[in-house]
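See below for the structure under consideration.
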Amino acid sequence: MNEKCTKYEGLFIFADEKTFEKHLKECPDCQAEHEKMQNISKLLQEVKPIFVQKRKRVAQLKIACAICAMLLSGTVMGLVNFNTDISDTIRYGTTLSAEDLGLPVDSYGLIMVE
Ligand SMILES: [Zn+2]
């Protein structure tokens, strides 16, 4: 049984360049492996700019999120200040109805208009 050469990784990591290249010339298994590695590193080179862009986009997204959070909290504070239902609920624990405010209401709690 012709076993596949398993020296590639060991030589790639531990051997000096000369030994590595010499073995590559002699061993078709490792040549194939080396070509695969070459293709992968080429692929990585091609893909790299996309990753860099993505990282930039993530940073932009974080900034956008921070701005959104600021705007949102500003809006929420504005809502509490200007929406009486919410500020009533916070102050009195319940929404004040028209009746509570002393306005004439019908049995549905709606303001009566003559
Ligand atoms: Zn080999």
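Residues in the structure tokens are numbered from 1 in each chain, the chains being A, B, ... in the order shown, and ligands are numbered from 1 in the order shown.
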Just want the residues within 7 Å of ligand 1, written as a PyMOL selection string, counting only C-alpha atoms and all ligand atoms.
chain A and resi 5-8+23-24+27-30
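Once stretch 96-113 of chain A and its same-chain neighbours fewer than 6 positions away are set aside, Thr84, Asp85, Asp88 and Thr89 of chain A remain within 9 Å of it when counting only C-alpha atoms.
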Go ahead and dump the residues you just picked, N, CA and C atoms, as a short mmCIF file (atom, residue, chain, number, x, y, z; two decimals), in the first residue's frame.
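What ended up in again.cif:
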```
data_model
loop_
_atom_site.label_atom_id
_atom_site.label_comp_id
_atom_site.auth_asym_id
_atom_site.auth_seq_id
_atom_site.Cartn_x
_atom_site.Cartn_y
_atom_site.Cartn_z
N THR A 84 -47.85 63.44 27.89
CA THR A 84 -48.33 63.51 29.28
C THR A 84 -48.70 62.14 29.80
N ASP A 85 -49.15 61.23 28.93
CA ASP A 85 -49.51 59.89 29.40
C ASP A 85 -48.33 59.23 30.09
N ASP A 88 -47.30 61.15 33.27
CA ASP A 88 -48.32 60.87 34.29
C ASP A 88 -48.11 59.51 34.91
N THR A 89 -47.85 58.52 34.04
CA THR A 89 -47.65 57.17 34.54
C THR A 89 -46.45 57.13 35.47
#
```
To one decimal place, how far is atom CA of A:Lys42 from atom CA of A:Phe12 in Å?
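Calculated distance between atom CA of A:Lys42 and atom CA of A:Phe12 is 17.3 Å.
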